[in-house]
Amino acid sequence: MSFVQLLGTFRAYGADVLLLALGVTLTVSLLKKTVMKNVPKKVFVFLPFAVGAVYYAVFRAAVTASAAPFTTEISRTLEGGFACGCAATLYYTVYEQFFRGKNISPLYALLAGIVPEEKREEAASALFEGYFEKKEEERKIFLQEGLKTYCGDTMSEEELIKIVEFLIRFLDTLEKK
């Protein structure tokens with residue numbers, strides 16, 4: 001989906017929904033980074049819709065100065081809340097796809113020519129993070145097995161040993177900083 005297509009989707013919503021959705025997006029992001037750090041990721045699929053329903057209900061109650069959004073107009077409230085959740089999800093998608101900088105592992109460039117392009121980002125991230133979680137005596141074996149997993153049989157045992165030694169020196173230099 002292109003940026004223009006995403007912007008076109010926003011035209012389907014009213015200004016009230018779009019403004020509330022911005023608040024929903026910020027609230028969900030804040031919750032994700034603070035109170036709900038350890039919650040399973042699946043919760044965040046539905047959270048914008050739940051928060052959107054609450055925000056829209058409170059907004060409608062304030063605008064109409066009545067409890068009707070919570071009682072007789074519940075279907076309209078749920079519809080507006082769902083629209084807020086959809087718009088909030090679109091805001092998040094636009095942010096992730098077009099504005100957020102990628103956090104690339106320092107190993108990414110070093111693995112060029114060693115690990116195929118389609119596996120390189122995953123390999124760089126897994127090897128970098130996993131290396132520092134291992135005890136010093138386990139690190140060499142971890143890198144060898146990891147490279148075999150991502151490269152297959154594309155290099156000889158001698159090449160593998162030299163690459164692993166190079167990566168160990170590089171990673172140990174980063175650890176000392």
# chains A, B, ... in the order shown; residues from 1 in each chain; ligands from 1
$ select_by_dssp --residues "region 43-157 of chain A" --states "alpha helix (DSSP H)" --output "PyMOL selection string"
chain A and resi 43-64+74-94+117-133+139-151+157
$ residues_around --residues "Leu171 (chain A)" --least-positions-apart "5" --cutoff "9 Å" --atoms "only C-alpha atoms" --output "number ranges by chain"
A: 107, 128, 131-132, 166, 176
$ residues_around --residues "Glu79 (chain A)" --least-positions-apart "4" --cutoff "10 Å" --atoms "only C-alpha atoms" --output "list in words"
Gly52, Ala53, Tyr56, Ile74, Ser75, Ala83, Cys84 and Gly85 of chain A
$ write_last_selection --atoms "N, CA, C and O atoms" --output "PDB file, in the first residue's frame"
ATOM      1  N   GLY A  52     -10.455   3.166  21.617  1.00  0.00           N
ATOM      2  CA  GLY A  52     -11.229   4.017  20.716  1.00  0.00           C
ATOM      3  C   GLY A  52     -12.693   4.084  21.116  1.00  0.00           C
ATOM      4  O   GLY A  52     -13.308   5.153  21.090  1.00  0.00           O
ATOM      5  N   ALA A  53     -13.268   2.955  21.516  1.00  0.00           N
ATOM      6  CA  ALA A  53     -14.671   2.930  21.943  1.00  0.00           C
ATOM      7  C   ALA A  53     -14.866   3.768  23.202  1.00  0.00           C
ATOM      8  O   ALA A  53     -15.833   4.525  23.302  1.00  0.00           O
ATOM      9  N   TYR A  56     -14.412   7.508  22.247  1.00  0.00           N
ATOM     10  CA  TYR A  56     -15.543   8.006  21.475  1.00  0.00           C
ATOM     11  C   TYR A  56     -16.785   8.151  22.347  1.00  0.00           C
ATOM     12  O   TYR A  56     -17.527   9.123  22.206  1.00  0.00           O
ATOM     13  N   ILE A  74     -25.873   3.225  21.913  1.00  0.00           N
ATOM     14  CA  ILE A  74     -24.693   2.363  22.064  1.00  0.00           C
ATOM     15  C   ILE A  74     -24.154   1.880  20.717  1.00  0.00           C
ATOM     16  O   ILE A  74     -22.944   1.776  20.527  1.00  0.00           O
ATOM     17  N   SER A  75     -25.044   1.597  19.759  1.00  0.00           N
ATOM     18  CA  SER A  75     -24.565   1.119  18.455  1.00  0.00           C
ATOM     19  C   SER A  75     -23.774   2.212  17.735  1.00  0.00           C
ATOM     20  O   SER A  75     -22.741   1.930  17.118  1.00  0.00           O
ATOM     21  N   ALA A  83     -14.370   2.991  14.383  1.00  0.00           N
ATOM     22  CA  ALA A  83     -13.738   3.898  13.418  1.00  0.00           C
ATOM     23  C   ALA A  83     -12.475   4.527  14.022  1.00  0.00           C
ATOM     24  O   ALA A  83     -11.453   4.643  13.344  1.00  0.00           O
ATOM     25  N   CYS A  84     -12.531   4.894  15.296  1.00  0.00           N
ATOM     26  CA  CYS A  84     -11.342   5.446  15.976  1.00  0.00           C
ATOM     27  C   CYS A  84     -10.219   4.414  16.016  1.00  0.00           C
ATOM     28  O   CYS A  84      -9.054   4.736  15.783  1.00  0.00           O
ATOM     29  N   GLY A  85     -10.579   3.171  16.316  1.00  0.00           N
ATOM     30  CA  GLY A  85      -9.587   2.102  16.345  1.00  0.00           C
ATOM     31  C   GLY A  85      -8.965   1.863  14.979  1.00  0.00           C
ATOM     32  O   GLY A  85      -7.755   1.669  14.859  1.00  0.00           O
TER      33      GLY A  85
END
$ residues_around --residues "Ala109 (chain A)" --least-positions-apart "3" --cutoff "10 Å" --atoms "only C-alpha atoms" --output "tab-separated table (two decimals) with C-alpha atoms, in the first residue's frame"
chain	number	residue	atom	x	y	z
A	104	ILE	CA	19.86	-2.30	12.15
A	105	SER	CA	22.36	-4.54	13.90
A	106	PRO	CA	26.05	-3.62	13.65
A	112	ALA	CA	27.11	-8.88	3.34
A	113	GLY	CA	28.43	-11.49	0.94
A	114	ILE	CA	28.21	-14.16	3.63
A	120	ARG	CA	20.76	-10.96	6.45
A	121	GLU	CA	18.73	-8.63	8.69
A	124	ALA	CA	22.47	-9.99	12.04
$ closest_atom_pairs --of "region 80-120 of chain A" --to "region 145-154 of chain A" --cutoff "10 Å" --atoms "only C-alpha atoms" --output "CSV"
residue,atom,partner,partner_atom,distance
A:Leu111,CA,A:Leu147,CA,9.5
A:Ile114,CA,A:Cys151,CA,7.0
A:Val115,CA,A:Cys151,CA,5.3
A:Pro116,CA,A:Cys151,CA,7.0
A:Glu118,CA,A:Tyr150,CA,10.0
A:Lys119,CA,A:Tyr150,CA,6.7
A:Arg120,CA,A:Tyr150,CA,8.0
$ write_last_selection --atoms "N, CA and C atoms" --output "PDB file, in the first residue's frame"
ATOM      1  N   LEU A 111      27.934  -8.998   7.425  1.00  0.00           N
ATOM      2  CA  LEU A 111      27.411 -10.260   6.889  1.00  0.00           C
ATOM      3  C   LEU A 111      27.100 -10.181   5.397  1.00  0.00           C
ATOM      4  N   ILE A 114      28.127 -12.901   2.880  1.00  0.00           N
ATOM      5  CA  ILE A 114      28.212 -14.161   3.633  1.00  0.00           C
ATOM      6  C   ILE A 114      26.823 -14.770   3.771  1.00  0.00           C
ATOM      7  N   VAL A 115      25.891 -13.949   4.216  1.00  0.00           N
ATOM      8  CA  VAL A 115      24.510 -14.392   4.409  1.00  0.00           C
ATOM      9  C   VAL A 115      23.670 -13.812   3.267  1.00  0.00           C
ATOM     10  N   PRO A 116      22.797 -14.629   2.663  1.00  0.00           N
ATOM     11  CA  PRO A 116      21.935 -14.106   1.586  1.00  0.00           C
ATOM     12  C   PRO A 116      21.133 -12.890   2.046  1.00  0.00           C
ATOM     13  N   GLU A 118      18.079 -11.864   1.742  1.00  0.00           N
ATOM     14  CA  GLU A 118      16.762 -12.032   2.344  1.00  0.00           C
ATOM     15  C   GLU A 118      16.826 -12.520   3.790  1.00  0.00           C
ATOM     16  N   LYS A 119      17.967 -13.061   4.205  1.00  0.00           N
ATOM     17  CA  LYS A 119      18.110 -13.538   5.584  1.00  0.00           C
ATOM     18  C   LYS A 119      19.049 -12.665   6.415  1.00  0.00           C
ATOM     19  N   ARG A 120      19.690 -11.697   5.780  1.00  0.00           N
ATOM     20  CA  ARG A 120      20.756 -10.957   6.450  1.00  0.00           C
ATOM     21  C   ARG A 120      20.302 -10.163   7.664  1.00  0.00           C
TER      22      ARG A 120
END
$ closest_residue --among "A:Phe49, A:Phe70, A:Leu110, A:Leu143" --to "Gly130 (chain A)" --atoms "only C-alpha atoms"
A:Leu143
$ closest_residue --among "A:Ala57, A:Arg76, A:Lys140, A:Pro48" --to "Leu26 (chain A)" --atoms "only C-alpha atoms"
A:Pro48
$ closest_residue --among "A:Gln144, A:Thr71, A:Thr89, A:Thr64" --to "Val45 (chain A)" --atoms "only C-alpha atoms"
A:Thr89
$ atom_distance --atom1 "CA of Leu18 (chain A)" --atom2 "CA of Leu90 (chain A)"
10.3 Å
$ closest_residue --among "A:Ile163, A:Leu31, A:Val54, A:Met155" --to "Leu78 (chain A)" --atoms "only C-alpha atoms"
A:Val54
$ closest_residue --among "A:Ala61, A:Ala88, A:Ala15, A:Ile168" --to "Thr27 (chain A)" --atoms "only C-alpha atoms"
A:Ala88
$ residues_around --residues "Ala87 (chain A)" --least-positions-apart "5" --cutoff "12 Å" --atoms "only C-alpha atoms" --output "PDB file with N, CA, C and O atoms, in the first residue's frame"
ATOM      1  N   LEU A   6      -2.856   5.192   1.599  1.00  0.00           N
ATOM      2  CA  LEU A   6      -3.137   5.305   3.028  1.00  0.00           C
ATOM      3  C   LEU A   6      -3.804   6.636   3.360  1.00  0.00           C
ATOM      4  O   LEU A   6      -4.761   6.684   4.126  1.00  0.00           O
ATOM      5  N   LEU A   7      -3.309   7.711   2.776  1.00  0.00           N
ATOM      6  CA  LEU A   7      -3.921   9.015   3.020  1.00  0.00           C
ATOM      7  C   LEU A   7      -5.349   9.069   2.495  1.00  0.00           C
ATOM      8  O   LEU A   7      -6.223   9.679   3.109  1.00  0.00           O
ATOM      9  N   GLY A   8      -5.600   8.409   1.386  1.00  0.00           N
ATOM     10  CA  GLY A   8      -6.949   8.343   0.845  1.00  0.00           C
ATOM     11  C   GLY A   8      -7.912   7.630   1.781  1.00  0.00           C
ATOM     12  O   GLY A   8      -9.097   7.975   1.862  1.00  0.00           O
ATOM     13  N   THR A   9      -7.418   6.660   2.505  1.00  0.00           N
ATOM     14  CA  THR A   9      -8.251   5.926   3.451  1.00  0.00           C
ATOM     15  C   THR A   9      -8.719   6.837   4.581  1.00  0.00           C
ATOM     16  O   THR A   9      -9.841   6.702   5.074  1.00  0.00           O
ATOM     17  N   PHE A  10      -7.885   7.766   4.994  1.00  0.00           N
ATOM     18  CA  PHE A  10      -8.246   8.678   6.072  1.00  0.00           C
ATOM     19  C   PHE A  10      -9.431   9.580   5.703  1.00  0.00           C
ATOM     20  O   PHE A  10     -10.118  10.087   6.576  1.00  0.00           O
ATOM     21  N   ARG A  11      -9.672   9.791   4.407  1.00  0.00           N
ATOM     22  CA  ARG A  11     -10.788  10.638   3.988  1.00  0.00           C
ATOM     23  C   ARG A  11     -12.138  10.055   4.383  1.00  0.00           C
ATOM     24  O   ARG A  11     -13.130  10.765   4.455  1.00  0.00           O
ATOM     25  N   ALA A  12     -12.192   8.772   4.650  1.00  0.00           N
ATOM     26  CA  ALA A  12     -13.455   8.116   5.006  1.00  0.00           C
ATOM     27  C   ALA A  12     -13.946   8.507   6.400  1.00  0.00           C
ATOM     28  O   ALA A  12     -15.107   8.300   6.719  1.00  0.00           O
ATOM     29  N   TYR A  13     -13.059   9.057   7.219  1.00  0.00           N
ATOM     30  CA  TYR A  13     -13.409   9.387   8.597  1.00  0.00           C
ATOM     31  C   TYR A  13     -13.616  10.883   8.763  1.00  0.00           C
ATOM     32  O   TYR A  13     -13.018  11.692   8.066  1.00  0.00           O
ATOM     33  N   GLY A  14     -14.433  11.246   9.736  1.00  0.00           N
ATOM     34  CA  GLY A  14     -14.659  12.648  10.061  1.00  0.00           C
ATOM     35  C   GLY A  14     -13.525  13.206  10.910  1.00  0.00           C
ATOM     36  O   GLY A  14     -12.698  12.457  11.448  1.00  0.00           O
ATOM     37  N   ALA A  15     -13.521  14.511  11.056  1.00  0.00           N
ATOM     38  CA  ALA A  15     -12.470  15.178  11.826  1.00  0.00           C
ATOM     39  C   ALA A  15     -12.484  14.728  13.285  1.00  0.00           C
ATOM     40  O   ALA A  15     -11.415  14.559  13.896  1.00  0.00           O
ATOM     41  N   ASP A  16     -13.676  14.512  13.849  1.00  0.00           N
ATOM     42  CA  ASP A  16     -13.753  14.077  15.245  1.00  0.00           C
ATOM     43  C   ASP A  16     -13.090  12.720  15.438  1.00  0.00           C
ATOM     44  O   ASP A  16     -12.306  12.520  16.371  1.00  0.00           O
ATOM     45  N   VAL A  17     -13.346  11.796  14.533  1.00  0.00           N
ATOM     46  CA  VAL A  17     -12.749  10.457  14.628  1.00  0.00           C
ATOM     47  C   VAL A  17     -11.239  10.534  14.443  1.00  0.00           C
ATOM     48  O   VAL A  17     -10.480   9.883  15.174  1.00  0.00           O
ATOM     49  N   LEU A  18     -10.780  11.331  13.496  1.00  0.00           N
ATOM     50  CA  LEU A  18      -9.343  11.437  13.253  1.00  0.00           C
ATOM     51  C   LEU A  18      -8.597  12.043  14.439  1.00  0.00           C
ATOM     52  O   LEU A  18      -7.502  11.585  14.794  1.00  0.00           O
ATOM     53  N   LEU A  19      -9.177  13.045  15.070  1.00  0.00           N
ATOM     54  CA  LEU A  19      -8.536  13.643  16.248  1.00  0.00           C
ATOM     55  C   LEU A  19      -8.538  12.677  17.434  1.00  0.00           C
ATOM     56  O   LEU A  19      -7.543  12.554  18.147  1.00  0.00           O
ATOM     57  N   LEU A  20      -9.663  12.002  17.636  1.00  0.00           N
ATOM     58  CA  LEU A  20      -9.719  11.009  18.716  1.00  0.00           C
ATOM     59  C   LEU A  20      -8.756   9.858  18.441  1.00  0.00           C
ATOM     60  O   LEU A  20      -8.113   9.345  19.360  1.00  0.00           O
ATOM     61  N   ALA A  21      -8.642   9.467  17.183  1.00  0.00           N
ATOM     62  CA  ALA A  21      -7.736   8.372  16.820  1.00  0.00           C
ATOM     63  C   ALA A  21      -6.282   8.733  17.105  1.00  0.00           C
ATOM     64  O   ALA A  21      -5.482   7.877  17.491  1.00  0.00           O
ATOM     65  N   LEU A  22      -5.944   9.996  16.945  1.00  0.00           N
ATOM     66  CA  LEU A  22      -4.591  10.443  17.286  1.00  0.00           C
ATOM     67  C   LEU A  22      -4.341  10.242  18.784  1.00  0.00           C
ATOM     68  O   LEU A  22      -3.290   9.743  19.189  1.00  0.00           O
ATOM     69  N   GLY A  23      -5.326  10.603  19.586  1.00  0.00           N
ATOM     70  CA  GLY A  23      -5.227  10.369  21.031  1.00  0.00           C
ATOM     71  C   GLY A  23      -5.153   8.887  21.364  1.00  0.00           C
ATOM     72  O   GLY A  23      -4.411   8.472  22.254  1.00  0.00           O
ATOM     73  N   VAL A  24      -5.914   8.075  20.648  1.00  0.00           N
ATOM     74  CA  VAL A  24      -5.887   6.616  20.855  1.00  0.00           C
ATOM     75  C   VAL A  24      -4.501   6.077  20.532  1.00  0.00           C
ATOM     76  O   VAL A  24      -3.930   5.282  21.288  1.00  0.00           O
ATOM     77  N   THR A  25      -3.935   6.515  19.419  1.00  0.00           N
ATOM     78  CA  THR A  25      -2.599   6.063  19.017  1.00  0.00           C
ATOM     79  C   THR A  25      -1.559   6.409  20.071  1.00  0.00           C
ATOM     80  O   THR A  25      -0.735   5.569  20.452  1.00  0.00           O
ATOM     81  N   PRO A  48      -6.394  -0.787  20.373  1.00  0.00           N
ATOM     82  CA  PRO A  48      -6.846   0.482  19.794  1.00  0.00           C
ATOM     83  C   PRO A  48      -8.367   0.561  19.641  1.00  0.00           C
ATOM     84  O   PRO A  48      -8.953   1.641  19.789  1.00  0.00           O
ATOM     85  N   PHE A  49      -9.006  -0.561  19.401  1.00  0.00           N
ATOM     86  CA  PHE A  49     -10.452  -0.558  19.230  1.00  0.00           C
ATOM     87  C   PHE A  49     -11.161  -0.377  20.575  1.00  0.00           C
ATOM     88  O   PHE A  49     -12.145   0.352  20.670  1.00  0.00           O
ATOM     89  N   GLY A  52     -10.455   3.166  21.617  1.00  0.00           N
ATOM     90  CA  GLY A  52     -11.229   4.017  20.716  1.00  0.00           C
ATOM     91  C   GLY A  52     -12.693   4.084  21.116  1.00  0.00           C
ATOM     92  O   GLY A  52     -13.308   5.153  21.090  1.00  0.00           O
ATOM     93  N   GLY A  80     -18.532   4.418  16.129  1.00  0.00           N
ATOM     94  CA  GLY A  80     -17.533   5.485  16.201  1.00  0.00           C
ATOM     95  C   GLY A  80     -16.250   5.019  16.866  1.00  0.00           C
ATOM     96  O   GLY A  80     -15.151   5.384  16.443  1.00  0.00           O
ATOM     97  N   GLY A  81     -16.376   4.186  17.904  1.00  0.00           N
ATOM     98  CA  GLY A  81     -15.200   3.627  18.568  1.00  0.00           C
ATOM     99  C   GLY A  81     -14.410   2.723  17.644  1.00  0.00           C
ATOM    100  O   GLY A  81     -13.177   2.743  17.633  1.00  0.00           O
ATOM    101  N   PHE A  82     -15.120   1.938  16.849  1.00  0.00           N
ATOM    102  CA  PHE A  82     -14.453   1.068  15.878  1.00  0.00           C
ATOM    103  C   PHE A  82     -13.731   1.916  14.828  1.00  0.00           C
ATOM    104  O   PHE A  82     -12.596   1.611  14.455  1.00  0.00           O
ATOM    105  N   TYR A  92      -0.709   4.299  13.092  1.00  0.00           N
ATOM    106  CA  TYR A  92       0.442   3.496  13.511  1.00  0.00           C
ATOM    107  C   TYR A  92       1.126   2.867  12.300  1.00  0.00           C
ATOM    108  O   TYR A  92       2.349   2.821  12.216  1.00  0.00           O
ATOM    109  N   THR A  93       0.337   2.382  11.350  1.00  0.00           N
ATOM    110  CA  THR A  93       0.895   1.770  10.146  1.00  0.00           C
ATOM    111  C   THR A  93       1.698   2.783   9.341  1.00  0.00           C
ATOM    112  O   THR A  93       2.799   2.480   8.873  1.00  0.00           O
ATOM    113  N   VAL A  94       1.155   3.972   9.173  1.00  0.00           N
ATOM    114  CA  VAL A  94       1.876   5.026   8.446  1.00  0.00           C
ATOM    115  C   VAL A  94       3.187   5.334   9.154  1.00  0.00           C
ATOM    116  O   VAL A  94       4.245   5.435   8.521  1.00  0.00           O
TER     117      VAL A  94
END
$ atom_distance --atom1 "CA of Phe170 (chain A)" --atom2 "CA of Ala126 (chain A)"
15.7 Å
